[in-house]
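Student: Input file: run.tsv. Contents: TSV, C-alpha atoms and all ligand atoms.
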```tsv
chain	number	residue	atom	x	y	z
A	1	MET	CA	51.92	-25.80	69.53
A	2	ASP	CA	54.22	-25.36	72.55
A	3	SER	CA	54.22	-21.62	73.14
A	4	ARG	CA	57.43	-21.81	75.22
A	5	ILE	CA	59.47	-23.18	72.34
A	6	ASN	CA	62.23	-20.77	71.27
A	7	GLN	CA	61.74	-18.75	74.47
A	8	THR	CA	65.47	-18.34	74.92
A	9	LYS	CA	66.33	-17.91	71.26
A	10	LEU	CA	65.97	-14.96	68.93
A	11	ILE	CA	63.63	-15.31	65.97
A	12	ALA	CA	65.50	-16.73	62.98
A	13	THR	CA	62.82	-17.97	60.57
A	14	GLU	CA	59.17	-17.44	59.68
A	15	ASP	CA	58.28	-20.50	61.75
A	16	ASP	CA	59.77	-19.01	64.93
A	17	VAL	CA	57.46	-15.99	65.01
A	18	THR	CA	54.17	-17.40	66.32
A	19	PRO	CA	55.62	-19.47	69.21
A	20	THR	CA	57.87	-16.59	70.26
A	21	VAL	CA	55.00	-14.10	70.31
A	22	LEU	CA	52.73	-16.52	72.20
A	23	ALA	CA	55.48	-17.14	74.76
A	24	ALA	CA	55.81	-13.38	75.32
A	25	MET	CA	52.12	-13.30	76.28
A	26	GLU	CA	52.27	-16.29	78.61
A	27	ASP	CA	52.09	-14.22	81.83
A	28	THR	CA	48.89	-12.32	80.95
A	29	SER	CA	47.06	-12.29	84.27
A	30	ASP	CA	43.45	-11.91	83.05
A	31	PRO	CA	42.60	-15.41	81.71
A	32	ARG	CA	39.94	-14.17	79.28
A	33	LEU	CA	42.25	-11.49	77.88
A	34	LYS	CA	44.92	-14.17	77.49
A	35	GLU	CA	42.52	-16.48	75.66
A	36	ILE	CA	41.34	-13.70	73.33
A	37	VAL	CA	44.72	-12.23	72.45
A	38	THR	CA	46.52	-15.55	72.02
A	39	ALA	CA	43.72	-16.78	69.72
A	40	LEU	CA	43.95	-13.48	67.84
A	41	VAL	CA	47.69	-13.98	67.35
A	42	ARG	CA	47.27	-17.59	66.20
A	43	HIS	CA	44.55	-16.73	63.70
A	44	LEU	CA	46.19	-13.50	62.51
A	45	HIS	CA	49.45	-15.30	61.87
A	46	ALA	CA	47.63	-18.16	60.12
A	47	PHE	CA	45.82	-15.57	57.95
A	48	ILE	CA	49.14	-13.93	57.08
A	49	ARG	CA	50.68	-17.30	56.22
A	50	GLU	CA	47.72	-18.13	53.97
A	51	VAL	CA	47.54	-14.76	52.17
A	52	ARG	CA	51.29	-13.95	52.22
A	53	PRO	CA	50.67	-10.19	51.82
A	54	THR	CA	53.31	-8.07	50.11
A	55	GLU	CA	54.76	-5.19	52.11
A	56	ALA	CA	52.69	-2.76	50.05
A	57	GLU	CA	49.53	-4.73	50.83
A	58	TYR	CA	50.38	-4.73	54.55
A	59	GLU	CA	50.90	-0.96	54.43
A	60	LYS	CA	47.55	-0.57	52.68
A	61	GLY	CA	45.84	-2.74	55.32
A	62	LEU	CA	47.25	-0.61	58.15
A	63	GLN	CA	46.20	2.53	56.31
A	64	ILE	CA	42.64	1.16	56.08
A	65	LEU	CA	42.56	0.50	59.84
A	66	ASN	CA	43.76	4.04	60.55
A	67	THR	CA	41.25	5.51	58.10
A	68	ILE	CA	38.38	3.63	59.74
A	69	GLY	CA	39.29	5.36	63.00
A	70	GLN	CA	39.66	8.76	61.36
A	71	GLN	CA	36.31	8.42	59.61
A	72	THR	CA	34.53	7.81	62.93
A	73	ASP	CA	33.04	10.78	64.76
A	74	ASP	CA	30.01	11.56	66.93
A	75	ALA	CA	27.59	11.10	64.01
A	76	HIS	CA	29.26	8.23	62.10
A	77	ASN	CA	30.76	4.91	63.24
A	78	GLU	CA	32.88	3.44	60.47
A	79	ALA	CA	34.18	0.49	62.55
A	80	VAL	CA	30.64	-0.79	63.15
A	81	LEU	CA	29.71	-0.32	59.50
A	82	PHE	CA	32.85	-2.12	58.26
A	83	CYS	CA	32.33	-5.11	60.60
A	84	ASP	CA	28.65	-5.24	59.62
A	85	VAL	CA	29.36	-5.66	55.88
A	86	LEU	CA	31.93	-8.38	56.68
A	87	GLY	CA	29.21	-10.37	58.46
A	88	ALA	CA	31.14	-10.19	61.75
A	89	SER	CA	28.34	-8.41	63.62
A	90	THR	CA	25.72	-10.94	62.55
A	91	LEU	CA	28.01	-13.85	63.49
A	92	ILE	CA	28.58	-12.39	66.96
A	93	ASP	CA	24.86	-11.70	67.25
A	94	LEU	CA	23.95	-15.33	66.48
A	95	ILE	CA	26.63	-16.76	68.78
A	96	ASN	CA	25.18	-14.76	71.66
A	97	ASN	CA	21.46	-15.02	70.71
A	98	ASP	CA	20.47	-18.38	69.27
A	99	GLY	CA	16.71	-18.04	69.82
A	100	MET	CA	16.58	-21.55	71.34
A	101	GLN	CA	14.21	-20.68	74.22
A	102	GLY	CA	11.49	-19.39	71.92
A	103	GLU	CA	12.52	-15.77	72.32
A	104	THR	CA	12.37	-13.31	69.43
A	105	MET	CA	15.49	-13.51	67.27
A	106	SER	CA	17.86	-10.60	67.56
A	107	ALA	CA	19.46	-8.61	64.75
A	108	LEU	CA	22.53	-6.42	64.71
A	109	LEU	CA	22.44	-3.02	66.41
A	110	GLY	CA	23.95	-1.19	63.44
A	111	PRO	CA	25.82	2.12	63.53
A	112	PHE	CA	22.85	4.46	64.00
A	113	TYR	CA	21.63	3.82	67.54
A	114	ARG	CA	21.88	7.09	69.49
A	115	GLY	CA	20.41	6.17	72.87
A	116	SER	CA	18.58	8.68	75.08
A	117	ALA	CA	15.58	8.93	72.74
A	118	PRO	CA	12.57	10.90	74.08
A	119	GLU	CA	9.99	8.98	76.14
A	120	CYS	CA	6.73	8.57	74.18
A	121	SER	CA	3.19	7.92	75.31
A	122	PHE	CA	1.12	4.93	74.10
A	123	GLY	CA	0.30	5.51	70.40
A	124	GLU	CA	2.43	8.65	69.99
A	125	THR	CA	4.08	9.28	66.63
A	126	ILE	CA	7.86	9.31	66.32
A	127	ALA	CA	7.69	11.48	63.17
A	128	ARG	CA	8.82	14.73	64.82
A	129	SER	CA	9.27	16.77	61.64
A	130	GLU	CA	7.88	16.69	58.09
A	131	THR	CA	8.64	13.08	57.06
A	132	PRO	CA	7.68	11.54	53.71
A	133	GLY	CA	6.05	8.10	53.53
A	134	ASP	CA	2.84	6.24	54.32
A	135	PRO	CA	1.61	6.20	57.93
A	136	LEU	CA	2.35	2.97	59.79
A	137	ILE	CA	0.88	1.78	63.09
A	138	LEU	CA	3.07	-0.74	64.90
A	139	SER	CA	1.41	-2.67	67.70
A	140	GLY	CA	1.58	-5.90	69.65
A	141	ARG	CA	2.63	-7.21	73.01
A	142	VAL	CA	5.83	-7.92	74.87
A	143	VAL	CA	5.56	-11.37	76.48
A	144	ASP	CA	7.83	-13.85	78.26
A	145	VAL	CA	8.69	-17.29	76.89
A	146	ASN	CA	5.52	-18.68	78.54
A	147	GLY	CA	3.36	-16.14	76.70
A	148	GLN	CA	2.72	-14.04	79.82
A	149	PRO	CA	2.47	-10.30	79.11
A	150	ILE	CA	5.23	-8.09	80.46
A	151	ALA	CA	3.85	-4.78	81.75
A	152	GLY	CA	6.23	-1.83	81.89
A	153	ALA	CA	8.65	-3.24	79.27
A	154	THR	CA	10.57	-0.59	77.34
A	155	LEU	CA	10.77	-0.46	73.53
A	156	ASP	CA	13.49	1.85	72.27
A	157	VAL	CA	12.70	2.29	68.58
A	158	TRP	CA	14.49	3.98	65.67
A	159	GLN	CA	14.36	3.93	61.90
A	160	ALA	CA	15.52	5.78	58.81
A	161	SER	CA	13.28	8.25	57.05
A	162	PRO	CA	11.78	6.77	53.86
A	163	ASP	CA	14.18	9.06	51.96
A	164	GLY	CA	16.96	6.77	53.22
A	165	LEU	CA	18.63	8.79	55.97
A	166	TYR	CA	18.61	8.52	59.76
A	167	GLU	CA	18.08	11.88	61.44
A	168	ASN	CA	21.70	11.96	62.61
A	169	GLN	CA	22.76	11.96	58.93
A	170	ASP	CA	20.31	14.64	57.84
A	171	LYS	CA	20.26	18.32	58.87
A	172	ASP	CA	16.68	18.66	57.59
A	173	GLN	CA	15.19	16.21	60.10
A	174	ALA	CA	14.33	17.28	63.64
A	175	ASP	CA	16.58	16.08	66.45
A	176	PHE	CA	15.48	12.51	67.32
A	177	ASN	CA	13.10	12.30	64.35
A	178	LEU	CA	11.90	8.68	64.03
A	179	ARG	CA	13.32	7.75	67.43
A	180	GLY	CA	11.41	7.19	70.66
A	181	LYS	CA	11.05	5.11	73.80
A	182	PHE	CA	7.70	3.40	74.54
A	183	THR	CA	6.44	1.50	77.58
A	184	THR	CA	4.02	-1.43	77.53
A	185	ASP	CA	0.69	-1.10	79.35
A	186	SER	CA	-0.67	-3.47	81.99
A	187	ASP	CA	-1.44	-6.10	79.28
A	188	GLY	CA	2.06	-5.87	77.85
A	189	ARG	CA	0.77	-3.91	74.84
A	190	TYR	CA	2.58	-1.25	72.87
A	191	LEU	CA	1.37	1.10	70.14
A	192	ILE	CA	3.68	3.20	67.99
A	193	ARG	CA	2.77	5.57	65.15
A	194	THR	CA	5.42	6.15	62.51
A	195	VAL	CA	5.92	6.01	58.74
A	196	LYS	CA	6.45	2.89	56.66
A	197	PRO	CA	10.22	2.45	56.35
A	198	ALA	CA	11.94	2.08	52.99
A	199	GLY	CA	15.07	0.16	52.08
A	200	TYR	CA	18.17	2.35	52.06
A	201	PRO	CA	21.83	2.16	51.15
A	202	VAL	CA	24.35	2.07	53.98
A	203	PRO	CA	26.76	5.05	53.80
A	204	THR	CA	29.15	4.55	50.89
A	205	HIS	CA	31.33	7.68	51.07
A	206	THR	CA	33.93	6.00	53.30
A	207	THR	CA	36.17	2.90	53.46
A	208	THR	CA	33.21	0.52	53.66
A	209	GLY	CA	31.79	1.98	50.44
A	210	ASP	CA	35.16	1.51	48.70
A	211	LEU	CA	35.10	-2.16	49.71
A	212	LEU	CA	31.50	-2.69	48.55
A	213	ARG	CA	32.29	-1.10	45.16
A	214	ALA	CA	35.41	-3.26	44.78
A	215	GLN	CA	33.29	-6.34	45.52
A	216	ASN	CA	30.45	-5.29	43.16
A	217	ARG	CA	28.01	-5.56	46.08
A	218	THR	CA	24.74	-3.79	46.65
A	219	PRO	CA	24.86	-1.28	49.53
A	220	MET	CA	21.14	-1.81	50.23
A	221	ARG	CA	19.46	-2.80	53.47
A	222	PRO	CA	15.87	-4.05	53.36
A	223	ALA	CA	13.28	-1.73	54.98
A	224	HIS	CA	13.20	-2.23	58.74
A	225	VAL	CA	12.53	-0.67	62.13
A	226	HIS	CA	15.04	-1.15	64.96
A	227	PHE	CA	14.01	-2.12	68.49
A	228	ILE	CA	15.73	-2.59	71.82
A	229	VAL	CA	13.16	-4.30	74.01
A	230	SER	CA	13.96	-4.57	77.71
A	231	ALA	CA	12.33	-5.49	81.01
A	232	PRO	CA	13.54	-6.40	84.52
A	233	ASP	CA	14.86	-9.99	84.80
A	234	CYS	CA	14.82	-10.44	81.00
A	235	LYS	CA	17.66	-10.56	78.52
A	236	THR	CA	17.53	-7.34	76.53
A	237	LEU	CA	16.50	-7.94	72.94
A	238	VAL	CA	18.23	-5.94	70.18
A	239	THR	CA	16.38	-6.58	66.96
A	240	GLN	CA	14.82	-5.24	63.77
A	241	ILE	CA	11.41	-5.86	62.25
A	242	PHE	CA	11.61	-6.11	58.49
A	243	ALA	CA	9.10	-4.63	56.08
A	244	ASP	CA	10.37	-5.70	52.69
A	245	THR	CA	10.38	-8.42	50.05
A	246	GLN	CA	12.13	-11.77	50.53
A	247	ASP	CA	14.50	-10.75	47.74
A	248	ALA	CA	15.52	-7.54	49.53
A	249	MET	CA	15.96	-9.48	52.80
A	250	VAL	CA	18.13	-12.14	51.16
A	251	ASN	CA	20.32	-9.39	49.68
A	252	ASP	CA	20.74	-7.44	52.93
A	253	VAL	CA	24.26	-5.97	52.72
A	254	VAL	CA	24.83	-6.61	56.44
A	255	PHE	CA	23.23	-10.10	56.56
A	256	GLY	CA	20.83	-9.01	59.33
A	257	ALA	CA	17.44	-10.13	57.97
A	258	LYS	CA	15.81	-13.28	59.35
A	259	ASP	CA	12.47	-14.95	58.57
A	260	GLN	CA	11.31	-14.91	62.20
A	261	ILE	CA	11.55	-11.11	62.37
A	262	ALA	CA	9.82	-10.37	59.07
A	263	GLY	CA	6.91	-8.08	59.88
A	264	ASN	CA	3.53	-8.59	58.26
A	265	LEU	CA	2.53	-5.15	56.98
A	266	ARG	CA	-1.07	-4.66	55.91
A	267	LEU	CA	-2.37	-1.78	53.83
A	268	HIS	CA	-5.76	-0.34	54.88
A	269	GLU	CA	-7.55	1.65	52.18
A	270	ALA	CA	-10.47	2.49	54.52
A	271	PRO	CA	-10.52	3.64	58.18
A	272	LEU	CA	-10.43	0.97	60.90
A	273	ASP	CA	-12.79	0.98	63.92
A	274	GLU	CA	-9.75	0.27	66.08
A	275	TYR	CA	-8.04	3.51	64.99
A	276	PRO	CA	-10.85	6.02	64.31
A	277	GLN	CA	-8.52	9.03	64.28
A	278	ASP	CA	-6.19	7.60	61.59
A	279	GLN	CA	-6.98	8.60	58.04
A	280	ALA	CA	-6.73	5.86	55.40
A	281	PRO	CA	-4.69	4.81	53.60
A	282	PHE	CA	-2.28	3.58	56.27
A	283	TYR	CA	-0.37	0.43	57.10
A	284	THR	CA	-0.47	-1.69	60.24
A	285	CYS	CA	2.01	-4.22	61.52
A	286	VAL	CA	1.30	-6.43	64.53
A	287	TYR	CA	4.30	-8.09	66.13
A	288	ASP	CA	4.67	-9.73	69.56
A	289	PHE	CA	8.14	-9.62	71.08
A	290	VAL	CA	9.15	-12.59	73.26
A	291	LEU	CA	11.82	-11.98	75.92
A	292	LYS	CA	13.71	-14.76	77.67
A	293	PRO	CA	14.83	-14.65	81.31
A	294	GLY	CA	18.16	-12.95	81.90
A	295	VAL	CA	19.95	-9.93	83.18
A	296	PRO	CA	19.18	-6.69	81.30
A	297	SER	CA	22.16	-5.03	79.64
A	298	PHE	CA	22.32	-2.18	77.18
A	299	PRO	CA	24.60	-1.55	74.21
A	300	GLU	CA	26.84	1.48	74.13
A	301	PRO	CA	25.40	3.82	71.45
A	302	PRO	CA	27.79	3.80	68.43
A	303	ILE	CA	27.01	7.50	67.79
A	304	LYS	CA	26.18	10.46	69.98
A	305	GLY	CA	24.48	12.99	67.76
A	306	LYS	CA	23.69	14.61	64.44
A	307	VAL	CA	25.88	15.87	61.64
A	308	SER	CA	26.73	19.50	62.33
B	401	LIG	C1	21.17	-0.15	60.14
B	401	LIG	O1	20.28	-0.92	60.05
B	401	LIG	O2	20.92	0.92	60.65
B	401	LIG	C2	22.51	-0.51	59.65
B	401	LIG	C3	23.06	-1.69	60.04
B	401	LIG	C4	24.33	-2.01	59.59
B	401	LIG	C5	25.03	-1.15	58.77
B	401	LIG	C6	24.44	0.04	58.37
B	401	LIG	C7	23.17	0.35	58.81
B	402	FE	FE	18.75	0.56	60.13
```
Would you encode the structure as structure tokens?
Tutor:
Amino acid sequence: MDSRINQTKLIATEDDVTPTVLAAMEDTSDPRLKEIVTALVRHLHAFIREVRPTEAEYEKGLQILNTIGQQTDDAHNEAVLFCDVLGASTLIDLINNDGMQGETMSALLGPFYRGSAPECSFGETIARSETPGDPLILSGRVVDVNGQPIAGATLDVWQASPDGLYENQDKDQADFNLRGKFTTDSDGRYLIRTVKPAGYPVPTHTTTGDLLRAQNRTPMRPAHVHFIVSAPDCKTLVTQIFADTQDAMVNDVVFGAKDQIAGNLRLHEAPLDEYPQDQAPFYTCVYDFVLKPGVPSFPEPPIKGKVS
């Protein structure tokens, strides 16, 4: 379509709108901004032509956008949640992280990453207050795509309590409960003590919940632990390790589960020589993270703190 068509004429018909709007944007100086916004206009207008919303529907759509903003605060990020259940976050994730160099597959960040978690020593527990659930020992190595261990890699880890809430959603959990930052030893090894995660529903008291109910969809996420694994000269890996059934993973409300990041949890009914201080029963999960070469970068935390 020639975006300069109609440049000197006023809009007269439906067909005049898109070329006129694109022509108005022709002088955008940042080429990437120009590419993004002109594509947005083309696709938005095509969407409107396909759906042909009524004025009342348009008003409702704008109201939803405003409400998503109003429902976002320091402890809740409705925009992230809404995009997650539309599959947009997973699509962006896979466009930017295709796993083609043998690196560990990524998974969406989600709305509950707080950043600035306390530094933890090798093997420390991230259960900082009374937390229900079976003990879980997570261990493994961080390696490069050639299998070489990466010493001094950072694993920023967070998960929901088995009662289904992240600490930022729950006044009864200690600040930063089930969150911590670990460093690999000289062999690239990490060791994290925590509790076995459970599947949980995403928050449903806001706009996203209204949509899920209207679509007769489950709000459930399969049980998982989040990780941001980083090291110098490596692309930062944002991922989740899953601890649930195939069925629960297939039905993940945010489409984040992948086979390659399914953890293999084992139940131990008797003590293990490797962990003499841990009372059975407990679970273990061994998972090696593979980082590919790249420049480290870190996501902006979608939330800052706890509910007050
Ligand atoms: C999460 O795993 O924390 C999450 C991801 C997307 C939406 C809601 C929660
Ligand atoms: Fe989560």
Student: Could you give me, as a ChimeraX atom specification, the residues within 7 Å of Leu265 of chain A, counting only C-alpha atoms and dropping anything in the same chain fewer than 2 positions from it?
Tutor: /A:243,263,267,283-285
Student: Mind checking which residues fall within 8 Å of segment 129-141 of chain A, counting all atoms listed in the file, ignoring those fewer than 2 positions away in the same chain, and posting them as a ChimeraX atom specification?
Tutor: /A:127,143,149-150,161-163,173-174,177,184,187-197,281-289
Student: Once you count only C-alpha atoms and all ligand atoms, which residues end up within 9 Å of ligand FE 402 (chain B), and could you hand them over as a list in words?
Tutor: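 Going residue by residue within 9 Å of ligand FE 402 (chain B), we get Leu109, Gly110, Pro111, Phe112, Tyr113, Trp158, Gln159, Ala160, Tyr166, Gly199, Tyr200, Val202, Arg221, Pro222, Ala223, His224, Val225, His226 and Gln240 of chain A.
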Student: Which residue is closest to ligand LIG 401 (chain B)? Choose from A:Leu165, A:Val145, A:Val295, A:Ala46 and count only C-alpha atoms and all ligand atoms.
Tutor: A:Leu165
Student: A:Val80, A:Leu272, A:Met100, A:Leu237: which is nearest ligand LIG 401 (chain B), counting all atoms listed in the file?
Tutor: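 When distances to ligand LIG 401 (chain B) are compared using all atoms listed in the file, the smallest one comes from A:Val80.
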Student: Give me the residues near Gly87 of chain A as a PyMOL selection string, where near means some atom within 12 Å (using all atoms listed in the file) and where sequence neighbours in that chain fewer than 6 positions away do not count.
Tutor: chain A and resi 80-81+93-94+107-108+110+252-257
Student: Just to confirm, what's the straight-line distance from atom CA of Thr183 of chain A to atom CA of Val142 of chain A in Å (one decimal)?
Tutor: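 Separation of atom CA of Thr183 of chain A and atom CA of Val142 of chain A: 9.8 Å.
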Student: Could you tell me how far atom CA of Glu78 of chain A sits from atom CA of Pro296 of chain A, in Å to one decimal place?
Tutor: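 Distance reported for this atom pair: 26.9 Å.
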Student: With only C-alpha atoms as the atoms that count, which of A:Asn251, A:Thr38, A:Ser29, A:Thr72 lies nearest to Thr208 of chain A?
Tutor: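 Looking at the shortest contact to Thr208 of chain A, the residue is A:Thr72.
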